[in-house]
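J.: My file is run_29.txt. It has compact mmCIF, C-alpha atoms:
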# COMPACT_ATOMS: atom_id res chain seq x y z
CA MET V 1 118.64 94.61 102.17
CA THR V 2 118.87 92.23 99.20
CA ASP V 3 120.56 93.26 95.97
CA VAL V 4 117.16 93.21 94.23
CA ALA V 5 115.63 95.48 96.86
CA GLU V 6 118.56 97.88 96.61
CA GLU V 7 118.27 97.98 92.81
CA LEU V 8 114.57 98.78 93.09
CA ARG V 9 115.22 101.51 95.66
CA SER V 10 117.85 103.06 93.41
CA TYR V 11 115.56 102.89 90.37
CA TRP V 12 112.57 104.52 92.07
CA ASN V 13 114.69 107.29 93.56
CA ASP V 14 116.44 108.00 90.27
CA ARG V 15 113.15 107.96 88.35
CA GLY V 16 111.04 109.63 91.04
CA PRO V 17 111.21 113.14 89.55
CA VAL V 18 109.90 111.79 86.23
CA TRP V 19 106.89 110.23 87.97
CA VAL V 20 106.27 113.52 89.76
CA GLU V 21 106.35 115.31 86.41
CA TYR V 22 103.73 112.99 84.93
CA ARG V 23 101.59 112.71 88.05
CA GLU V 24 98.43 114.20 86.58
CA ARG V 25 98.52 112.04 83.45
CA LEU V 26 99.21 108.90 85.51
CA ASP V 27 96.45 109.72 87.97
CA GLY V 28 94.04 110.23 85.08
CA MET V 29 94.88 106.76 83.84
CA LEU V 30 94.89 104.95 87.19
CA ALA V 31 92.16 106.79 89.11
CA PRO V 32 89.32 104.35 88.23
CA LEU V 33 91.43 101.41 89.41
CA GLY V 34 92.33 103.11 92.67
CA GLU V 35 88.74 104.11 93.32
CA ALA V 36 87.53 100.53 92.81
CA ALA V 37 90.19 99.13 95.17
CA ILE V 38 89.42 101.77 97.83
CA ALA V 39 85.72 100.86 97.59
CA ARG V 40 86.64 97.23 98.31
CA LEU V 41 88.69 98.28 101.33
CA HIS V 42 85.80 100.48 102.54
CA PRO V 43 87.78 102.57 105.05
CA ASP V 44 85.66 103.93 107.89
CA PRO V 45 86.13 107.13 109.91
CA GLY V 46 88.68 106.70 112.66
CA GLU V 47 90.59 103.85 111.00
CA HIS V 48 94.35 103.63 110.53
CA VAL V 49 95.35 102.65 107.00
CA LEU V 50 98.62 101.84 105.25
CA ASP V 51 99.04 102.95 101.62
CA ILE V 52 101.71 100.72 100.08
CA GLY V 53 103.76 102.16 97.21
CA CYS V 54 101.81 105.38 97.59
CA GLY V 55 103.98 107.36 95.17
CA THR V 56 102.98 111.01 94.95
CA GLY V 57 100.15 110.48 97.43
CA THR V 58 96.96 110.64 95.40
CA THR V 59 95.41 107.56 97.01
CA SER V 60 96.77 108.51 100.43
CA LEU V 61 94.93 111.82 100.29
CA GLU V 62 91.69 110.12 99.27
CA LEU V 63 92.04 107.56 102.06
CA ALA V 64 92.77 110.38 104.53
CA ARG V 65 89.54 112.14 103.59
CA LEU V 66 87.61 108.92 104.16
CA VAL V 67 89.08 108.07 107.58
CA GLY V 68 88.68 111.68 108.72
CA ASP V 69 90.43 113.61 111.46
CA SER V 70 90.04 110.75 113.93
CA GLY V 71 91.82 108.34 111.60
CA HIS V 72 95.27 108.29 110.05
CA VAL V 73 96.90 107.23 106.79
CA THR V 74 100.54 106.22 106.53
CA GLY V 75 101.90 106.31 102.98
CA VAL V 76 104.96 104.15 102.34
CA ASP V 77 107.24 104.24 99.32
CA VAL V 78 110.93 103.75 98.56
CA SER V 79 111.04 106.91 96.41
CA ALA V 80 112.01 110.00 98.39
CA PRO V 81 111.24 112.41 95.50
CA MET V 82 107.71 111.08 95.16
CA LEU V 83 107.11 111.27 98.90
CA ASP V 84 108.31 114.88 98.95
CA GLU V 85 105.53 115.60 96.47
CA ALA V 86 103.03 113.61 98.56
CA ARG V 87 103.90 115.61 101.70
CA ARG V 88 103.57 118.88 99.81
CA ARG V 89 100.15 117.90 98.49
CA ALA V 90 98.92 116.75 101.90
CA ALA V 91 100.01 120.05 103.45
CA ASP V 92 98.34 122.03 100.67
CA ALA V 93 95.13 120.05 101.23
CA GLY V 94 95.27 120.62 104.99
CA LEU V 95 95.27 116.88 105.68
CA ALA V 96 97.14 116.60 108.96
CA ASN V 97 96.02 112.99 109.39
CA THR V 98 98.71 111.73 107.02
CA SER V 99 102.34 110.75 107.36
CA PHE V 100 104.79 109.43 104.80
CA VAL V 101 107.65 107.00 105.33
CA VAL V 102 110.52 106.34 102.94
CA ALA V 103 110.79 102.58 103.32
CA ASP V 104 110.39 99.18 101.70
CA ALA V 105 106.96 98.12 102.97
CA GLY V 106 107.96 94.49 102.62
CA ALA V 107 110.66 94.84 105.27
CA HIS V 108 109.88 97.97 107.29
CA GLN V 109 109.19 97.43 111.00
CA PHE V 110 105.64 98.71 111.34
CA GLU V 111 103.91 98.82 114.70
CA PRO V 112 102.48 95.30 115.09
CA ARG V 113 98.71 94.79 114.89
CA HIS V 114 98.14 98.50 114.53
CA TYR V 115 96.45 99.06 111.17
CA ASP V 116 92.83 98.44 110.27
CA GLY V 117 93.59 98.26 106.58
CA ALA V 118 96.37 98.09 104.02
CA PHE V 119 95.86 99.35 100.48
CA SER V 120 97.81 99.62 97.26
CA ARG V 121 97.13 101.01 93.80
CA MET V 122 99.70 99.34 91.54
CA GLY V 123 102.45 99.63 94.15
CA ILE V 124 102.60 96.17 95.63
CA MET V 125 104.15 94.14 92.78
CA PHE V 126 107.74 95.03 93.64
CA PHE V 127 108.54 93.01 96.76
CA ALA V 128 111.91 91.31 96.35
CA GLU V 129 110.54 88.44 98.49
CA PRO V 130 106.75 88.48 98.07
CA VAL V 131 105.76 85.98 100.77
CA ALA V 132 107.98 87.73 103.30
CA GLY V 133 106.67 91.12 102.15
CA PHE V 134 103.01 90.20 102.56
CA THR V 135 103.78 88.47 105.85
CA ASN V 136 105.22 91.78 107.04
CA LEU V 137 101.99 93.54 106.08
CA ARG V 138 99.89 90.89 107.84
CA ARG V 139 101.85 91.47 111.04
CA ALA V 140 101.12 95.20 110.78
CA LEU V 141 97.37 94.57 110.51
CA ARG V 142 95.21 94.06 113.55
CA PRO V 143 93.44 90.66 113.73
CA GLY V 144 90.75 90.80 111.06
CA GLY V 145 92.40 93.79 109.39
CA ARG V 146 91.71 94.14 105.66
CA LEU V 147 94.03 94.15 102.67
CA SER V 148 92.85 95.56 99.35
CA PHE V 149 94.99 96.12 96.30
CA VAL V 150 94.86 96.32 92.53
CA CYS V 151 97.60 94.93 90.29
CA TRP V 152 98.05 94.34 86.57
CA ARG V 153 97.14 91.13 84.83
CA SER V 154 99.36 89.92 81.97
CA PRO V 155 100.95 92.34 79.51
CA SER V 156 99.13 90.62 76.63
CA GLU V 157 95.82 91.72 78.20
CA ASN V 158 96.94 95.35 78.56
CA SER V 159 97.12 97.17 75.26
CA TRP V 160 98.26 100.36 77.05
CA VAL V 161 101.65 98.67 77.40
CA THR V 162 101.75 96.15 74.52
CA GLU V 163 100.99 98.61 71.71
CA PRO V 164 103.78 101.09 72.50
CA GLY V 165 106.05 98.11 73.21
CA GLN V 166 105.30 96.68 69.79
CA ALA V 167 106.02 100.05 68.17
CA VAL V 168 109.45 100.15 69.80
CA ALA V 169 110.10 96.51 68.85
CA GLU V 170 109.52 97.41 65.20
CA VAL V 171 112.77 99.37 65.43
CA LEU V 172 114.82 97.69 68.16
CA GLY V 173 113.57 94.12 67.80
CA PRO V 174 111.82 92.15 70.54
CA PRO V 175 113.10 92.71 74.09
CA ALA V 176 114.95 89.98 75.95
CA PRO V 177 112.63 87.61 77.81
CA MET V 178 112.09 88.49 81.46
CA ASP V 179 111.33 86.33 84.46
CA PRO V 180 107.55 86.81 84.87
CA ASP V 181 107.88 86.37 88.63
CA ALA V 182 110.64 88.96 89.06
CA PRO V 183 109.64 92.18 90.88
CA GLY V 184 107.97 94.46 88.38
CA PRO V 185 104.61 95.74 87.19
CA PHE V 186 103.43 92.32 86.00
CA SER V 187 104.88 90.07 88.70
CA LEU V 188 101.37 89.37 90.08
CA ALA V 189 99.76 88.71 86.70
CA SER V 190 98.84 85.16 87.72
CA ALA V 191 95.88 84.73 90.06
CA ASN V 192 97.29 81.39 91.17
CA ARG V 193 100.56 83.06 92.14
CA ILE V 194 98.73 85.78 94.08
CA SER V 195 96.71 83.16 95.95
CA SER V 196 99.82 81.12 96.76
CA ILE V 197 101.72 84.18 98.03
CA LEU V 198 98.89 85.47 100.20
CA THR V 199 98.18 82.02 101.62
CA GLY V 200 101.88 81.58 102.35
CA ALA V 201 101.83 84.93 104.16
CA GLY V 202 99.06 83.74 106.46
CA LEU V 203 96.26 85.85 104.99
CA VAL V 204 92.72 84.48 104.73
CA ASP V 205 89.40 85.20 102.98
CA ILE V 206 91.31 85.80 99.76
CA ASP V 207 89.28 87.14 96.84
CA ILE V 208 90.82 87.77 93.41
CA THR V 209 88.47 89.32 90.86
CA PRO V 210 89.30 90.34 87.26
CA HIS V 211 88.63 93.96 86.45
CA ASP V 212 88.68 95.21 82.84
CA LEU V 213 88.25 98.80 81.80
CA PRO V 214 89.42 101.34 79.23
CA LEU V 215 92.31 103.45 80.48
CA SER V 216 92.62 107.09 79.49
CA ILE V 217 96.16 107.99 78.48
CA GLY V 218 94.97 111.56 78.05
CA ASP V 219 95.42 114.14 75.34
CA GLY V 220 98.31 116.24 74.09
CA THR V 221 100.48 116.70 71.06
CA THR V 222 102.06 113.68 69.44
CA ASP V 223 105.48 114.82 70.65
CA GLU V 224 104.20 115.11 74.25
CA LEU V 225 102.72 111.63 74.21
CA VAL V 226 105.77 110.09 72.58
CA ARG V 227 107.97 111.63 75.26
CA TYR V 228 105.61 110.26 77.92
CA TYR V 229 105.94 106.72 76.57
CA MET V 230 109.70 106.94 76.21
CA ASP V 231 110.15 108.38 79.68
CA LEU V 232 107.85 106.17 81.64
CA LEU V 233 106.23 103.06 80.32
CA PRO V 234 107.67 99.54 80.48
CA GLY V 235 108.87 98.12 77.18
CA THR V 236 109.72 101.50 75.63
CA ALA V 237 113.21 102.05 77.05
CA ILE V 238 115.90 102.85 74.51
CA PRO V 239 119.55 101.86 75.05
CA GLU V 240 121.60 104.78 76.34
CA ASN V 241 124.12 104.37 73.51
CA ALA V 242 121.46 104.33 70.77
CA ASP V 243 122.28 106.28 67.62
CA VAL V 244 120.27 109.46 67.10
CA HIS V 245 118.81 107.98 63.91
CA VAL V 246 117.57 104.96 65.85
CA ILE V 247 115.96 107.25 68.43
CA ASP V 248 114.26 109.20 65.63
CA ARG V 249 112.87 105.95 64.20
CA VAL V 250 111.54 104.91 67.60
CA LYS V 251 109.87 108.29 68.02
CA ALA V 252 108.31 107.96 64.57
CA ALA V 253 106.98 104.47 65.35
CA LEU V 254 105.51 105.62 68.66
CA GLY V 255 104.07 108.71 67.00
CA ALA V 256 102.32 106.57 64.39
CA MET V 257 100.86 104.41 67.18
CA VAL V 258 99.63 107.51 69.00
CA GLU V 259 97.90 108.85 65.91
CA ARG V 260 96.22 105.50 65.19
CA ARG V 261 94.74 105.62 68.68
CA ARG V 262 93.81 109.31 68.80
CA THR V 263 90.15 110.27 69.19
CA PRO V 264 88.47 113.62 69.88
CA ASP V 265 88.51 112.66 73.57
CA GLY V 266 92.19 111.72 73.65
CA ILE V 267 93.76 108.28 73.72
CA THR V 268 92.15 105.33 75.43
CA MET V 269 93.60 101.81 75.61
CA GLY V 270 92.60 98.52 77.15
CA GLY V 271 93.45 97.74 80.76
CA ALA V 272 93.18 94.47 82.66
CA ALA V 273 93.77 94.18 86.39
CA TRP V 274 93.10 92.02 89.43
CA MET V 275 91.14 93.41 92.36
CA VAL V 276 92.44 91.54 95.39
CA SER V 277 91.22 91.49 98.96
CA ALA V 278 92.13 89.43 102.02
CA ARG V 279 92.16 89.57 105.82
CA ALA V 280 94.74 89.08 108.51
In structure tokens, write the structure found in this file.
T.:
Amino acid sequence: MTDVAEELRSYWNDRGPVWVEYRERLDGMLAPLGEAAIARLHPDPGEHVLDIGCGTGTTSLELARLVGDSGHVTGVDVSAPMLDEARRRAADAGLANTSFVVADAGAHQFEPRHYDGAFSRMGIMFFAEPVAGFTNLRRALRPGGRLSFVCWRSPSENSWVTEPGQAVAEVLGPPAPMDPDAPGPFSLASANRISSILTGAGLVDIDITPHDLPLSIGDGTTDELVRYYMDLLPGTAIPENADVHVIDRVKAALGAMVERRRTPDGITMGGAAWMVSARA
């Protein structure tokens, strides 16, 4: 395992309980994107489907309902805490046609040519070696097997992340520049890069379509929403050694942003994604 892959595994296991805590709010935000990507995959009864970066299992459970008892869904994620939650939810729902594997989907040895489809809702942007990772998925797909995923476009097109990031920057200053191609939520922001990676992985019939929609951050008190941003979203991390007065200023800046965006129906911000499909 590369150092980058090990760092990502450590991060997602350390932060897994936080993502479990915020599952309902995250699902409320991401559900329309997942539904659109599942519709593009169009899983049929009896099919075997991989759910890459499945997290707490929301999309895995929906895929399992669509493939039915004669099909099967394998959810894959590096985060053991999130998969514990996914297994619990599958058991509670009585979905025996699911299994969950703690693994890096870009390197895990799947049964070759076994899966009819591979899917991901915002979980496929973290491969340490993207061409190798997608090549691994292609090998797991049967000939003609489908890939469908949704990933973020650039941060500048996604106000759900830029606005809280700007609020934090008012206090801490702008963050250090990051390699846009490094594993992370925006590593597939470029359609040209996606096309190059998928072509390099041997996938064909590649379609990359922009998808814009308002994203519901949900409702709650200002303190609840500020805590959500500070706990979870990229660009809002505060240095561990930050002075309590600095933390208070960050909270105030985020709180002001929340109140500017508040409506009777909660907080909604702009989202911009790519809907991507291809075949093995």
J.: Can you tell me which residues surround Thr199 in chain V at a distance of at most 12 Å, considering all atoms listed in the file, apart from same-chain residues fewer than 4 positions away, and format the answer as an mmCIF file with C-alpha atoms, keeping the file's coordinate frame?
T.:
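Printed below is around_24.cif as written:
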data_model
loop_
_atom_site.group_PDB
_atom_site.id
_atom_site.type_symbol
_atom_site.label_atom_id
_atom_site.label_comp_id
_atom_site.auth_asym_id
_atom_site.auth_seq_id
_atom_site.Cartn_x
_atom_site.Cartn_y
_atom_site.Cartn_z
ATOM 1 C CA PRO V 130 106.750 88.480 98.070
ATOM 2 C CA VAL V 131 105.760 85.980 100.770
ATOM 3 C CA ALA V 132 107.980 87.730 103.300
ATOM 4 C CA PHE V 134 103.010 90.200 102.560
ATOM 5 C CA THR V 135 103.780 88.470 105.850
ATOM 6 C CA ARG V 138 99.890 90.890 107.840
ATOM 7 C CA ASN V 192 97.290 81.390 91.170
ATOM 8 C CA ARG V 193 100.560 83.060 92.140
ATOM 9 C CA ILE V 194 98.730 85.780 94.080
ATOM 10 C CA SER V 195 96.710 83.160 95.950
ATOM 11 C CA LEU V 203 96.260 85.850 104.990
ATOM 12 C CA VAL V 204 92.720 84.480 104.730
ATOM 13 C CA ASP V 205 89.400 85.200 102.980
ATOM 14 C CA ILE V 206 91.310 85.800 99.760
ATOM 15 C CA ASP V 207 89.280 87.140 96.840
ATOM 16 C CA ALA V 278 92.130 89.430 102.020
ATOM 17 C CA ARG V 279 92.160 89.570 105.820
ATOM 18 C CA ALA V 280 94.740 89.080 108.510
#
J.: Need the shell around Gly46 in chain V: protein/DNA/RNA residues with any atom at most 12 Å away, counting all atoms listed in the file. Skip same-chain ones fewer than 3 positions apart. Format as a list in words?
T.: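 Those residues are Pro43, Val49, Leu63, Ala64, Arg65, Leu66, Val67, Gly68, Asp69, Ser70, Gly71, His72, Val73, Asn97, Tyr115, Asp116 and Gly117 of chain V.
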J.: May I have the residues from that selection written out with C-alpha atoms, as a PDB file, keeping the file's coordinate frame?
T.:
ATOM      1  CA  PRO V  43      87.780 102.570 105.050  1.00  0.00           C
ATOM      2  CA  VAL V  49      95.350 102.650 107.000  1.00  0.00           C
ATOM      3  CA  LEU V  63      92.040 107.560 102.060  1.00  0.00           C
ATOM      4  CA  ALA V  64      92.770 110.380 104.530  1.00  0.00           C
ATOM      5  CA  ARG V  65      89.540 112.140 103.590  1.00  0.00           C
ATOM      6  CA  LEU V  66      87.610 108.920 104.160  1.00  0.00           C
ATOM      7  CA  VAL V  67      89.080 108.070 107.580  1.00  0.00           C
ATOM      8  CA  GLY V  68      88.680 111.680 108.720  1.00  0.00           C
ATOM      9  CA  ASP V  69      90.430 113.610 111.460  1.00  0.00           C
ATOM     10  CA  SER V  70      90.040 110.750 113.930  1.00  0.00           C
ATOM     11  CA  GLY V  71      91.820 108.340 111.600  1.00  0.00           C
ATOM     12  CA  HIS V  72      95.270 108.290 110.050  1.00  0.00           C
ATOM     13  CA  VAL V  73      96.900 107.230 106.790  1.00  0.00           C
ATOM     14  CA  ASN V  97      96.020 112.990 109.390  1.00  0.00           C
ATOM     15  CA  TYR V 115      96.450  99.060 111.170  1.00  0.00           C
ATOM     16  CA  ASP V 116      92.830  98.440 110.270  1.00  0.00           C
ATOM     17  CA  GLY V 117      93.590  98.260 106.580  1.00  0.00           C
TER      18      GLY V 117
END
J.: Would you list the contacts of Ser148 in chain V as a PyMOL selection string, taking every protein, DNA or RNA residue within 6 Å and counting only C-alpha atoms, but skipping same-chain residues closer than 2 positions in sequence?
T.: chain V and resi 41+119+276-277
J.: Check the smallest atom-to-atom distance from each of V:Val171, V:Gly266, V:Gly133, V:Pro177 to Ile247 in chain V using all atoms listed in the file, then report the winner.
T.: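 Using all atoms listed in the file, Ile247 in chain V sits closest to V:Val171.
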J.: Rank nothing, just name the residue among V:Trp12, V:Tyr22, V:Phe126, V:Tyr229 nearest to Val78 in chain V, using only C-alpha atoms.
T.: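 Answer, going by the shortest atom-to-atom distance: V:Trp12.
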J.: What separation in Å, quoted to one decimal, exists between CA of Thr162 in chain V and CA of Gly57 in chain V?
T.: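 It comes out at 27.1 Å.
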J.: Rounded to one decimal place, report the CA of Pro143 in chain V-CA of Gln109 in chain V distance in Å.
T.: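 Calculated distance between CA of Pro143 in chain V and CA of Gln109 in chain V is 17.4 Å.
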J.: When you count only C-alpha atoms, which of these residues is closest to Gly55 in chain V: V:Asn158, V:Thr263, V:Thr221, V:Ser120?
T.: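 Of all the options, V:Ser120 lies closest to Gly55 in chain V.
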J.: One decimal, Å: what's the distance from CA of Ser216 in chain V over to CA of Leu30 in chain V, could you say?
T.: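 CA of Ser216 in chain V sits 8.3 Å away from CA of Leu30 in chain V.
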J.: In terms of the shortest atom-to-atom distance over all atoms listed in the file, which of V:Glu170, V:Asp77, V:Glu224, V:Glu6 is closest to Met122 in chain V?
T.: V:Asp77
J.: In terms of the shortest atom-to-atom distance over only C-alpha atoms, which of V:Thr56, V:Ser79, V:Ser196, V:Ser190 is closest to Trp274 in chain V?
T.: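 The closest residue to Trp274 in chain V is V:Ser190.
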J.: Smallest atom-to-atom distance to Val250 in chain V: which of V:Gly144, V:Thr222, V:Ile238, V:Leu50, using only C-alpha atoms?
T.: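 Among the listed residues, the smallest separation from Val250 in chain V belongs to V:Ile238.
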J.: Leaving out Leu232 in chain V and any residue of its chain fewer than 4 positions from it, which residues lie within 12 Å of it when counting all atoms listed in the file, given as an mmCIF file with C-alpha atoms, in the frame of the given file?
T.:
data_model
loop_
_atom_site.group_PDB
_atom_site.id
_atom_site.type_symbol
_atom_site.label_atom_id
_atom_site.label_comp_id
_atom_site.auth_asym_id
_atom_site.auth_seq_id
_atom_site.Cartn_x
_atom_site.Cartn_y
_atom_site.Cartn_z
ATOM 1 C CA TRP V 12 112.570 104.520 92.070
ATOM 2 C CA ARG V 15 113.150 107.960 88.350
ATOM 3 C CA GLY V 16 111.040 109.630 91.040
ATOM 4 C CA PRO V 17 111.210 113.140 89.550
ATOM 5 C CA VAL V 18 109.900 111.790 86.230
ATOM 6 C CA TRP V 19 106.890 110.230 87.970
ATOM 7 C CA VAL V 20 106.270 113.520 89.760
ATOM 8 C CA GLU V 21 106.350 115.310 86.410
ATOM 9 C CA TYR V 22 103.730 112.990 84.930
ATOM 10 C CA ARG V 23 101.590 112.710 88.050
ATOM 11 C CA ARG V 25 98.520 112.040 83.450
ATOM 12 C CA LEU V 26 99.210 108.900 85.510
ATOM 13 C CA VAL V 161 101.650 98.670 77.400
ATOM 14 C CA PRO V 164 103.780 101.090 72.500
ATOM 15 C CA GLY V 165 106.050 98.110 73.210
ATOM 16 C CA LEU V 225 102.720 111.630 74.210
ATOM 17 C CA VAL V 226 105.770 110.090 72.580
ATOM 18 C CA ARG V 227 107.970 111.630 75.260
ATOM 19 C CA TYR V 228 105.610 110.260 77.920
ATOM 20 C CA THR V 236 109.720 101.500 75.630
ATOM 21 C CA ALA V 237 113.210 102.050 77.050
ATOM 22 C CA ILE V 238 115.900 102.850 74.510
#
J.: Hey, what's within 9 Å of Gly270 in chain V if we count only C-alpha atoms and toss same-chain stuff fewer than 2 positions away? As an mmCIF file with C-alpha atoms, keeping the file's coordinate frame, please?
T.:
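Result file is result_1.cif:
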data_model
loop_
_atom_site.group_PDB
_atom_site.id
_atom_site.type_symbol
_atom_site.label_atom_id
_atom_site.label_comp_id
_atom_site.auth_asym_id
_atom_site.auth_seq_id
_atom_site.Cartn_x
_atom_site.Cartn_y
_atom_site.Cartn_z
ATOM 1 C CA GLU V 157 95.820 91.720 78.200
ATOM 2 C CA ASN V 158 96.940 95.350 78.560
ATOM 3 C CA SER V 159 97.120 97.170 75.260
ATOM 4 C CA TRP V 160 98.260 100.360 77.050
ATOM 5 C CA ASP V 212 88.680 95.210 82.840
ATOM 6 C CA LEU V 213 88.250 98.800 81.800
ATOM 7 C CA PRO V 214 89.420 101.340 79.230
ATOM 8 C CA LEU V 215 92.310 103.450 80.480
ATOM 9 C CA SER V 216 92.620 107.090 79.490
ATOM 10 C CA THR V 268 92.150 105.330 75.430
ATOM 11 C CA ALA V 272 93.180 94.470 82.660
#
